[in-house]
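Colleague: I'm passing along target-v1.txt; it holds compact mmCIF, C-alpha atoms.
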# COMPACT_ATOMS: atom_id res chain seq x y z
CA GLN A 222 -169.32 -110.64 191.73
CA PHE A 223 -167.48 -110.43 188.40
CA LEU A 224 -164.46 -112.19 189.88
CA ASP A 225 -166.56 -114.65 191.87
CA ILE A 226 -168.62 -115.96 188.95
CA LEU A 227 -165.92 -115.37 186.29
CA ALA A 228 -168.46 -113.96 183.86
CA GLY A 229 -169.22 -110.47 182.67
CA ASP A 230 -170.12 -108.43 179.60
CA ARG A 231 -167.79 -106.19 177.63
CA GLU A 232 -168.51 -103.13 179.77
CA GLU A 233 -167.66 -104.99 182.97
CA HIS A 234 -164.43 -106.33 181.48
CA ALA A 235 -163.47 -102.84 180.32
CA VAL A 236 -164.24 -101.19 183.68
CA LEU A 237 -162.10 -103.74 185.51
CA LEU A 238 -159.19 -103.35 183.08
CA ALA A 239 -159.42 -99.55 183.25
CA ASN A 240 -159.16 -99.69 187.03
CA TYR A 241 -156.15 -102.03 186.83
CA PHE A 242 -154.43 -99.59 184.47
CA MET A 243 -155.20 -96.64 186.75
CA PHE A 244 -153.75 -98.54 189.70
CA LEU A 245 -150.54 -99.26 187.77
CA SER A 246 -150.31 -95.65 186.68
CA GLU A 247 -150.60 -94.40 190.27
CA GLU A 248 -148.39 -97.01 191.93
CA TYR A 249 -145.67 -97.32 189.27
CA PRO A 250 -145.61 -93.99 187.39
CA GLU A 251 -142.08 -94.41 186.05
CA GLU A 252 -143.15 -97.40 183.96
CA TRP A 253 -146.92 -97.18 183.69
CA GLU A 254 -148.00 -93.55 184.00
CA ALA A 255 -150.84 -92.92 181.58
CA GLU A 256 -154.26 -91.36 181.17
CA ILE A 257 -156.94 -94.06 181.22
CA PHE A 258 -160.34 -93.79 179.57
CA LEU A 259 -163.36 -96.01 179.08
CA VAL A 260 -164.45 -95.90 175.42
CA ILE A 261 -168.06 -96.59 174.40
CA GLY A 262 -168.88 -97.23 170.76
CA SER A 263 -169.49 -99.91 168.17
CA GLY A 264 -167.19 -102.60 166.84
CA ILE A 265 -166.95 -105.60 164.56
CA PRO A 266 -168.41 -108.17 165.02
CA GLU A 267 -170.00 -107.49 168.42
CA GLY A 268 -171.83 -104.23 167.67
CA GLN A 269 -172.17 -102.07 170.80
CA THR A 270 -168.91 -102.39 172.67
CA ALA A 271 -166.56 -100.97 175.28
CA TYR A 272 -162.78 -100.59 175.06
CA VAL A 273 -160.10 -99.13 177.29
CA MET A 274 -158.02 -96.28 175.90
CA ARG A 275 -154.56 -95.79 177.36
CA ARG A 276 -152.69 -92.58 176.51
CA SER A 277 -149.12 -92.83 177.72
CA ILE A 278 -147.69 -89.77 179.45
CA ASN A 279 -144.10 -90.50 178.47
CA ILE A 280 -144.40 -91.21 174.74
CA GLU A 281 -147.87 -89.74 174.11
CA ASP A 282 -149.17 -92.69 172.12
CA ILE A 283 -152.76 -93.96 172.24
CA VAL A 284 -153.62 -97.66 172.47
CA PHE A 285 -157.07 -99.25 172.54
CA TRP A 286 -157.49 -102.45 174.55
CA ASP A 287 -160.20 -105.06 174.07
CA ALA A 288 -160.58 -106.28 177.64
CA THR A 289 -162.37 -109.49 176.63
CA ASN A 290 -159.37 -110.94 174.80
CA GLY A 291 -156.37 -108.81 175.81
CA LEU A 292 -155.71 -107.53 172.28
CA ALA A 293 -154.36 -104.00 171.86
CA PHE A 294 -154.52 -101.73 168.82
CA ALA A 295 -152.65 -98.53 168.06
CA GLN A 296 -154.74 -95.50 167.17
CA ASN A 297 -153.59 -95.60 163.54
CA ASP A 298 -154.24 -99.34 163.15
CA GLU A 299 -156.77 -99.72 160.33
CA ASN A 300 -157.51 -103.27 161.49
CA CYS A 301 -158.83 -102.18 164.88
CA PRO A 302 -162.28 -103.77 165.38
CA LEU A 303 -163.46 -100.61 167.15
CA GLN A 304 -165.19 -98.79 164.31
CA ASN A 305 -166.99 -95.88 165.92
CA ILE A 306 -166.50 -93.98 169.19
CA SER A 307 -169.57 -92.29 170.63
CA CYS A 308 -168.28 -91.22 174.05
CA VAL A 309 -165.22 -91.43 176.27
CA VAL A 310 -165.25 -91.61 180.08
CA SER A 311 -162.47 -90.49 182.40
CA TYR A 312 -162.44 -90.54 186.18
CA LYS A 313 -163.37 -86.84 186.09
CA ASN A 314 -165.85 -86.49 183.23
CA THR A 315 -167.71 -88.02 180.31
CA TYR A 316 -167.18 -86.65 176.80
CA ALA A 317 -169.57 -87.08 173.85
CA ASN A 318 -167.90 -87.26 170.45
CA ILE A 319 -169.38 -84.53 168.21
CA GLN A 320 -166.82 -84.88 165.43
CA PRO A 321 -168.05 -86.07 162.03
CA GLU A 322 -165.59 -88.95 162.24
CA GLY A 323 -165.96 -91.93 164.55
CA LYS A 324 -163.06 -94.25 163.70
CA PRO A 325 -160.17 -94.09 166.20
CA CYS A 326 -157.61 -93.33 163.50
CA GLN A 327 -159.62 -90.28 162.36
CA ILE A 328 -160.42 -88.75 165.74
CA ASP A 329 -158.71 -85.89 167.54
CA PHE A 330 -158.62 -86.71 171.26
CA ASP A 331 -158.23 -83.14 172.49
CA PHE A 332 -160.99 -83.25 175.10
CA GLU A 333 -160.54 -79.54 175.89
CA ASN A 334 -161.74 -78.63 172.38
CA ARG A 335 -165.48 -78.01 172.71
CA LEU A 336 -165.90 -78.18 168.92
CA LEU A 337 -164.85 -81.83 169.06
CA TRP A 338 -166.09 -83.10 172.43
CA LYS A 339 -169.07 -82.14 174.57
CA PRO A 340 -168.44 -82.74 178.29
CA PHE A 341 -171.13 -83.90 180.67
CA TYR A 342 -169.78 -81.74 183.50
CA SER A 343 -169.01 -78.09 182.70
CA LYS A 344 -168.89 -74.65 184.33
CA LYS A 345 -172.68 -74.45 184.10
CA PHE A 346 -173.08 -77.97 185.44
CA PRO A 347 -170.01 -78.66 187.62
CA LEU A 348 -168.86 -81.93 189.05
CA PRO A 349 -170.39 -82.36 192.54
CA ASN A 350 -168.01 -81.76 195.41
CA SER A 351 -169.35 -84.78 197.32
CA HIS A 352 -168.82 -88.03 195.45
CA LEU A 353 -171.39 -90.79 195.53
CA PRO A 354 -170.31 -93.70 197.76
CA SER A 355 -168.96 -96.71 195.92
CA ILE A 356 -170.90 -99.97 195.97
CA GLN A 357 -167.65 -101.87 195.56
CA GLU A 358 -165.75 -103.59 198.34
CA PRO A 359 -162.84 -101.46 199.63
CA LYS A 360 -160.47 -104.30 198.74
CA LEU A 361 -160.74 -107.06 196.18
CA LEU A 362 -159.88 -110.44 197.64
CA TYR A 363 -158.22 -112.86 195.24
CA THR A 364 -157.90 -116.58 195.77
CA ASP A 365 -154.52 -118.15 195.04
CA PRO A 366 -153.93 -119.84 191.67
CA ASN A 367 -155.15 -123.44 191.77
CA LYS A 368 -152.23 -125.41 190.33
CA GLN A 369 -153.74 -128.79 191.13
CA PHE A 370 -156.95 -128.03 189.25
CA SER A 371 -155.03 -126.68 186.26
CA ALA A 372 -152.99 -129.91 186.07
CA GLU A 373 -156.15 -132.00 186.26
CA LEU A 374 -157.80 -129.86 183.60
CA GLU A 375 -154.79 -130.31 181.31
CA GLU A 376 -155.20 -134.07 181.47
CA GLU A 377 -158.96 -133.86 180.96
CA LEU A 378 -158.63 -131.59 177.94
CA LEU A 379 -155.90 -133.73 176.39
CA ASP A 380 -157.91 -136.94 176.73
CA THR A 381 -161.16 -135.29 175.61
CA ILE A 382 -159.63 -133.67 172.52
CA LYS A 383 -157.85 -136.89 171.49
CA ASN A 384 -161.06 -138.90 171.85
CA SER A 385 -162.99 -136.21 169.98
CA ILE A 386 -160.51 -136.24 167.07
CA ARG A 387 -160.82 -140.02 166.84
CA GLY A 388 -164.61 -139.66 166.85
CA TRP A 389 -164.62 -136.94 164.18
CA ARG A 390 -162.32 -138.95 161.92
CA ARG A 391 -163.93 -142.37 162.46
CA ALA A 392 -160.64 -143.93 161.41
CA PRO A 393 -157.50 -145.20 163.15
CA THR A 394 -155.77 -142.11 164.56
CA SER A 395 -152.29 -141.97 166.07
CA PHE A 396 -150.56 -139.17 167.98
CA ARG A 397 -146.82 -138.48 167.90
CA GLY A 398 -145.63 -138.15 171.48
CA ASP A 399 -142.19 -136.76 170.53
CA VAL A 400 -143.67 -133.92 168.47
CA SER A 401 -146.33 -133.27 171.10
CA ASN A 402 -143.60 -132.81 173.74
CA ARG A 403 -141.88 -130.19 171.58
CA LEU A 404 -145.16 -128.35 171.09
CA TYR A 405 -145.77 -128.48 174.84
CA GLY A 406 -142.60 -126.45 175.40
CA ILE A 407 -143.62 -123.87 172.81
CA LEU A 408 -146.90 -123.20 174.63
CA GLU A 409 -145.12 -121.83 177.69
CA GLN A 410 -143.30 -119.37 175.43
CA LEU A 411 -146.60 -118.34 173.84
CA GLU A 412 -148.10 -117.57 177.24
CA ASP A 413 -145.03 -115.50 178.06
CA VAL A 414 -145.45 -113.64 174.77
CA ARG A 415 -149.10 -112.93 175.54
CA LEU A 416 -148.28 -111.71 179.07
CA HIS A 417 -145.20 -109.60 178.45
CA GLY A 418 -145.32 -108.70 174.77
CA LYS A 419 -142.19 -110.65 173.94
CA SER A 420 -141.64 -111.92 170.42
CA LEU A 421 -141.70 -115.49 169.16
CA SER A 422 -141.26 -115.93 165.42
CA VAL A 423 -142.74 -118.69 163.31
CA ASP A 424 -139.16 -119.71 162.46
CA ASP A 425 -138.50 -120.37 166.15
CA CYS A 426 -141.48 -122.73 166.28
CA ILE A 427 -140.44 -124.50 163.09
CA THR A 428 -136.89 -125.00 164.37
CA ARG A 429 -138.21 -126.74 167.48
CA VAL A 430 -140.15 -129.37 165.55
CA ASP A 431 -138.21 -129.55 162.26
CA SER A 432 -135.50 -131.90 163.55
CA ILE A 433 -138.02 -134.62 164.49
CA THR A 434 -140.43 -134.15 161.57
CA LYS A 435 -138.01 -134.61 158.67
CA GLY A 436 -139.83 -135.99 155.65
CA ARG A 437 -143.21 -134.98 157.02
CA LEU A 438 -145.50 -132.17 155.94
CA VAL A 439 -146.60 -130.40 159.12
CA PHE A 440 -149.71 -128.26 159.27
CA GLY A 441 -150.85 -126.86 162.59
CA MET A 442 -151.62 -123.90 164.80
CA PRO A 443 -151.75 -122.78 168.44
CA LEU A 444 -155.11 -121.86 169.94
CA HIS A 445 -155.69 -119.71 173.01
CA PHE A 446 -158.81 -119.68 175.19
CA PRO A 447 -159.86 -118.01 178.43
CA PHE A 448 -161.30 -121.11 180.07
CA THR A 449 -165.06 -121.30 180.44
CA ASP A 450 -165.77 -124.99 179.90
CA VAL A 451 -164.33 -128.02 178.14
CA LYS A 452 -166.93 -127.96 175.37
CA ASP A 453 -165.89 -124.49 174.18
CA VAL A 454 -162.26 -125.57 173.91
CA VAL A 455 -163.15 -128.77 172.03
CA ASN A 456 -165.36 -126.79 169.64
CA GLY A 457 -162.49 -124.39 168.97
CA VAL A 458 -160.23 -127.31 168.03
CA GLU A 459 -162.92 -128.77 165.75
CA PHE A 460 -163.32 -125.47 163.90
CA THR A 461 -159.67 -125.62 162.77
CA ALA A 462 -160.60 -128.69 160.63
CA ILE A 463 -157.01 -129.97 161.01
CA HIS A 464 -158.46 -133.39 161.86
CA GLU A 465 -160.04 -133.59 158.37
CA SER A 466 -156.77 -134.55 156.66
CA LYS A 467 -157.54 -137.41 154.25
CA HIS A 468 -154.00 -138.71 153.80
CA PRO A 469 -153.90 -142.40 154.75
CA ASP A 470 -150.58 -142.00 156.61
CA VAL A 471 -151.43 -138.84 158.54
CA GLU A 472 -150.39 -138.59 162.18
CA PHE A 473 -151.23 -135.94 164.73
CA ALA A 474 -149.48 -134.07 167.50
CA LEU A 475 -151.36 -132.43 170.35
CA ALA A 476 -150.22 -130.39 173.33
CA VAL A 477 -152.30 -128.77 176.06
CA ARG A 478 -151.19 -126.24 178.67
CA VAL A 479 -153.34 -124.63 181.37
CA PHE A 480 -151.86 -121.66 183.20
CA PRO A 481 -153.59 -120.80 186.50
CA TYR A 482 -154.05 -117.29 187.80
CA ALA A 483 -155.72 -115.72 190.82
CA SER A 484 -159.45 -116.21 191.47
CA ASN A 485 -159.66 -119.31 189.27
CA VAL A 486 -158.80 -117.48 186.05
CA LEU A 487 -157.31 -120.04 183.65
CA SER A 488 -155.42 -119.46 180.41
CA VAL A 489 -155.67 -122.47 178.08
CA TRP A 490 -153.33 -123.12 175.14
CA ILE A 491 -153.79 -125.90 172.58
CA PHE A 492 -151.29 -126.75 169.85
CA ILE A 493 -152.55 -129.20 167.24
CA CYS A 494 -150.69 -130.41 164.16
CA ALA A 495 -151.28 -132.89 161.37
CA LEU A 496 -148.19 -134.67 159.97
CA SER A 497 -148.26 -136.38 156.58
CA PRO A 498 -145.54 -137.38 154.06
CA GLY A 499 -143.90 -134.26 152.64
CA THR A 500 -141.21 -131.68 153.40
CA PHE A 501 -143.09 -128.50 154.23
CA VAL A 502 -143.78 -127.11 157.68
CA MET A 503 -146.69 -124.70 158.12
CA LEU A 504 -147.46 -123.31 161.58
Let me see whether you can do it: turn the structure in this file into structure tokens.
Modeller:
Amino acid sequence: QFLDILAGDREEHAVLLANYFMFLSEEYPEEWEAEIFLVIGSGIPEGQTAYVMRRSINIEDIVFWDATNGLAFAQNDENCPLQNISCVVSYKNTYANIQPEGKPCQIDFDFENRLLWKPFYSKKFPLPNSHLPSIQEPKLLYTDPNKQFSAELEEELLDTIKNSIRGWRRAPTSFRGDVSNRLYGILEQLEDVRLHGKSLSVDDCITRVDSITKGRLVFGMPLHFPFTDVKDVVNGVEFTAIHESKHPDVEFALAVRVFPYASNVLSVWIFICALSPGTFVML
């Protein structure tokens, strides 16, 4: 149902991601072998939350994954939104955190230490020999990526965002096609970075547009959305306030990319820039 309706809460996202990680660990142990856990706790700003904890077998590092946005945080990352861990679930057991600390960077994840973690199953209350039957389908069926729909959505988003910017400004508004084409190429790199963890520096982005924006001050940013509807994407662009530039000679550049994946999952990238007289590029 989660894949069919493309909607789910944080727990459902985390359970699905945890199962994907376990599959990779079993099928490709040389690259992906790891212990996978479902983490229940509280975070900022969502409050009650669920993350996936991946403890690599090879290098013994711990990473926490927010399954709703694909962001990962090392255990010692002070900026991790996960603020308190109450319990951790493995495929064998559930462990309640009884340590005085709750932040990931302050916790000892030695689940065998009964002074730190209280297990649900124990010698007095062992794991049942007969497992409950799963309510899930034995195989998940994925539909192929819909390239035609993604291309149509690109055009719809581009036209809608341009018309929205003109409406928000209520003034003559022009878009630079040459700069927009350069930004369009950058978006494919950004998707590759998000998928494979590759690096793309700000200097690389500036180099791509600097040669055709000489004498112009460029202010802009890329935006990434898991597609739900057009309105959410347009609202995200409006919140940047880039369209609010008051310079009488301002121009804009806009690029939209939609990357299709199985079961109608769509990754949407928007790159919007304002160009006005000046010599500084800020991306």
Colleague: Would you mind listing what lies within 10 Å of Leu404 (chain A) as a list in words, with only C-alpha atoms counted and same-chain residues fewer than 2 positions away left out?
Modeller: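 Counting only the stated atoms, we get Gly398, Asp399, Val400, Ser401, Asn402, Gly406, Ile407, Leu408, Glu409, Cys426, Arg429, Val430, Pro443, Ala474, Leu475, Ala476, Val477, Arg478, Ile491, Phe492, Ile493 and Cys494 of chain A.
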Colleague: With distances taken over all atoms listed in the file, which of A:Ser395, A:Asn305, A:Ser263, A:Gln269 is nearest to Lys383 (chain A)?
Modeller: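 Looking at the shortest contact to Lys383 (chain A), the residue is A:Ser395.
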Colleague: Can you tell me, as a list in words, what residues are no more than 8 Å from region 237-245 of chain A when counting all atoms listed in the file, ignoring any on the same chain fewer than 4 positions away?
Modeller: Glu233, Tyr249, Pro250, Trp253, Glu254, Ala255, Glu256, Ile257, Phe258, Leu259, Val273 and Ala288 of chain A
Colleague: For region 285-291 of chain A, take all atoms listed in the file, fit an axis-aligned box around them, add 8 Å to each of the six sides, then output centre and edge lengths in Å rounded to one decimal, as JSON.
Modeller:
{"center_x": -159.4, "center_y": -105.1, "center_z": 175.1, "size_x": 22.0, "size_y": 27.7, "size_z": 21.1}
Colleague: Please determine, counting all atoms listed in the file, which residue among A:Ser371, A:His468, A:Asp450, A:Gln410 has the shortest atom-to-atom distance to Pro393 (chain A).
Modeller: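 Under the stated criterion, the closest residue is A:His468.
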Colleague: So what do you get for CA of Glu376 (chain A) versus CA of Ile433 (chain A), distance-wise?
Modeller: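 The value is 24.2 Å.
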Colleague: Separation of CA of Arg397 (chain A) and CA of Lys452 (chain A), in Å?
Modeller: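 These two atoms are separated by 23.9 Å.
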Colleague: For Gln296 (chain A), which of A:Thr461, A:Gln320, A:Gln327, A:Ser311 is the closest residue, counting only C-alpha atoms?
Modeller: A:Gln327
Colleague: In terms of the shortest atom-to-atom distance over all atoms listed in the file, which of A:Glu267, A:Ile328, A:Arg231, A:Ala495 is closest to Asn297 (chain A)?
Modeller: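 Closest to Asn297 (chain A) of all the choices is A:Ile328.
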Colleague: Quick one: distance from CA of Ala293 (chain A) to CA of Tyr272 (chain A) in Å, one decimal?
Modeller: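 Distance reported for this atom pair: 9.6 Å.
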Colleague: Can you tell me which residues surround Asn456 (chain A) at a distance of at most 12 Å, considering all atoms listed in the file, apart from same-chain residues fewer than 2 positions away, and format the answer as an mmCIF file with C-alpha atoms, in the coordinates of the input?
Modeller:
data_model
loop_
_atom_site.group_PDB
_atom_site.id
_atom_site.type_symbol
_atom_site.label_atom_id
_atom_site.label_comp_id
_atom_site.auth_asym_id
_atom_site.auth_seq_id
_atom_site.Cartn_x
_atom_site.Cartn_y
_atom_site.Cartn_z
ATOM 1 C CA LEU A 378 -158.630 -131.590 177.940
ATOM 2 C CA THR A 381 -161.160 -135.290 175.610
ATOM 3 C CA ILE A 382 -159.630 -133.670 172.520
ATOM 4 C CA SER A 385 -162.990 -136.210 169.980
ATOM 5 C CA ILE A 386 -160.510 -136.240 167.070
ATOM 6 C CA TRP A 389 -164.620 -136.940 164.180
ATOM 7 C CA LEU A 444 -155.110 -121.860 169.940
ATOM 8 C CA PHE A 446 -158.810 -119.680 175.190
ATOM 9 C CA ASP A 450 -165.770 -124.990 179.900
ATOM 10 C CA VAL A 451 -164.330 -128.020 178.140
ATOM 11 C CA LYS A 452 -166.930 -127.960 175.370
ATOM 12 C CA ASP A 453 -165.890 -124.490 174.180
ATOM 13 C CA VAL A 454 -162.260 -125.570 173.910
ATOM 14 C CA VAL A 458 -160.230 -127.310 168.030
ATOM 15 C CA GLU A 459 -162.920 -128.770 165.750
ATOM 16 C CA PHE A 460 -163.320 -125.470 163.900
ATOM 17 C CA THR A 461 -159.670 -125.620 162.770
ATOM 18 C CA ALA A 462 -160.600 -128.690 160.630
ATOM 19 C CA ILE A 491 -153.790 -125.900 172.580
#
Colleague: Can you pull out the residues contacting Thr315 (chain A)? Cut-off 7 Å, using all atoms listed in the file, and skip same-chain residues under 2 positions away; I want them as an MDAnalysis selection string.
Modeller: chainID A and resid 309:311 317 340:341
Colleague: Keeping only C-alpha atoms, take the residues you just selected and write them out as a PDB file, in the frame of the given file.
Modeller:
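As a result, selection_34.pdb now contains:
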ATOM      1  CA  VAL A 309    -165.220 -91.430 176.270  1.00  0.00           C
ATOM      2  CA  VAL A 310    -165.250 -91.610 180.080  1.00  0.00           C
ATOM      3  CA  SER A 311    -162.470 -90.490 182.400  1.00  0.00           C
ATOM      4  CA  ALA A 317    -169.570 -87.080 173.850  1.00  0.00           C
ATOM      5  CA  PRO A 340    -168.440 -82.740 178.290  1.00  0.00           C
ATOM      6  CA  PHE A 341    -171.130 -83.900 180.670  1.00  0.00           C
TER       7      PHE A 341
END
Colleague: Given the choices A:Leu411, A:Ala271, A:Ile319, A:Val479, which gets closest to Pro302 (chain A) if the distance is worked out from all atoms listed in the file?
Modeller: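 Using all atoms listed in the file, Pro302 (chain A) sits closest to A:Ala271.
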Colleague: What does region 222-302 of chain A look like written to a file with C-alpha atoms, as a compact mmCIF listing (two decimals), in the first residue's frame?
Modeller:
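Written output follows (part13.txt):
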# COMPACT_ATOMS: atom_id res chain seq x y z
CA GLN A 222 0.00 0.00 0.00
CA PHE A 223 2.85 2.38 0.84
CA LEU A 224 4.26 2.04 -2.67
CA ASP A 225 0.84 2.10 -4.32
CA ILE A 226 -0.37 5.37 -2.77
CA LEU A 227 3.12 6.92 -2.42
CA ALA A 228 2.33 8.20 1.05
CA GLY A 229 3.40 7.10 4.50
CA ASP A 230 4.48 8.38 7.90
CA ARG A 231 8.02 8.42 9.26
CA GLU A 232 7.76 4.94 10.75
CA GLU A 233 6.65 3.45 7.43
CA HIS A 234 9.46 5.19 5.57
CA ALA A 235 11.99 3.94 8.12
CA VAL A 236 10.73 0.34 8.04
CA LEU A 237 10.97 0.26 4.25
CA LEU A 238 14.47 1.74 4.23
CA ALA A 239 15.63 -0.66 6.95
CA ASN A 240 14.44 -3.60 4.88
CA TYR A 241 16.22 -2.27 1.78
CA PHE A 242 19.45 -1.98 3.79
CA MET A 243 19.05 -5.51 5.15
CA PHE A 244 18.53 -6.82 1.63
CA LEU A 245 21.71 -5.09 0.43
CA SER A 246 23.64 -6.41 3.41
CA GLU A 247 22.56 -10.00 2.69
CA GLU A 248 22.90 -9.92 -1.10
CA TYR A 249 26.07 -7.81 -1.41
CA PRO A 250 28.02 -8.33 1.84
CA GLU A 251 31.38 -7.27 0.39
CA GLU A 252 30.11 -3.73 -0.16
CA TRP A 253 27.05 -3.37 2.05
CA GLU A 254 27.36 -5.72 5.02
CA ALA A 255 26.03 -3.96 8.10
CA GLU A 256 23.81 -4.31 11.15
CA ILE A 257 20.50 -2.53 10.57
CA PHE A 258 18.28 -1.13 13.30
CA LEU A 259 15.05 0.83 13.50
CA VAL A 260 15.47 3.74 15.93
CA ILE A 261 12.49 5.24 17.77
CA GLY A 262 12.86 8.58 19.52
CA SER A 263 12.27 12.30 19.19
CA GLY A 264 13.74 14.80 16.77
CA ILE A 265 13.65 18.40 15.63
CA PRO A 266 11.28 19.69 14.33
CA GLU A 267 8.95 16.70 13.95
CA GLY A 268 8.85 15.47 17.57
CA GLN A 269 8.23 11.71 17.74
CA THR A 270 10.24 10.17 14.94
CA ALA A 271 11.84 7.07 13.48
CA TYR A 272 15.30 6.73 11.93
CA VAL A 273 17.34 3.88 10.51
CA MET A 274 20.67 3.12 12.15
CA ARG A 275 23.29 1.40 10.02
CA ARG A 276 26.38 0.01 11.76
CA SER A 277 28.92 -1.07 9.17
CA ILE A 278 30.65 -4.40 9.77
CA ASN A 279 33.81 -3.44 7.89
CA ILE A 280 34.63 -0.03 9.37
CA GLU A 281 32.42 -0.15 12.48
CA ASP A 282 30.93 3.30 12.03
CA ILE A 283 27.35 4.23 12.90
CA VAL A 284 25.16 6.35 10.61
CA PHE A 285 21.60 7.50 11.20
CA TRP A 286 19.33 7.86 8.16
CA ASP A 287 16.22 10.02 7.93
CA ALA A 288 14.16 7.93 5.51
CA THR A 289 11.80 10.80 4.65
CA ASN A 290 14.49 12.91 2.98
CA GLY A 291 17.49 10.60 2.47
CA LEU A 292 19.80 12.59 4.77
CA ALA A 293 22.40 10.70 6.78
CA PHE A 294 24.20 11.76 9.96
CA ALA A 295 27.26 10.30 11.64
CA GLN A 296 26.91 9.34 15.29
CA ASN A 297 29.15 12.21 16.41
CA ASP A 298 27.36 14.81 14.27
CA GLU A 299 26.06 17.47 16.67
CA ASN A 300 23.70 18.74 13.97
CA CYS A 301 21.76 15.49 13.77
CA PRO A 302 18.03 16.30 14.15
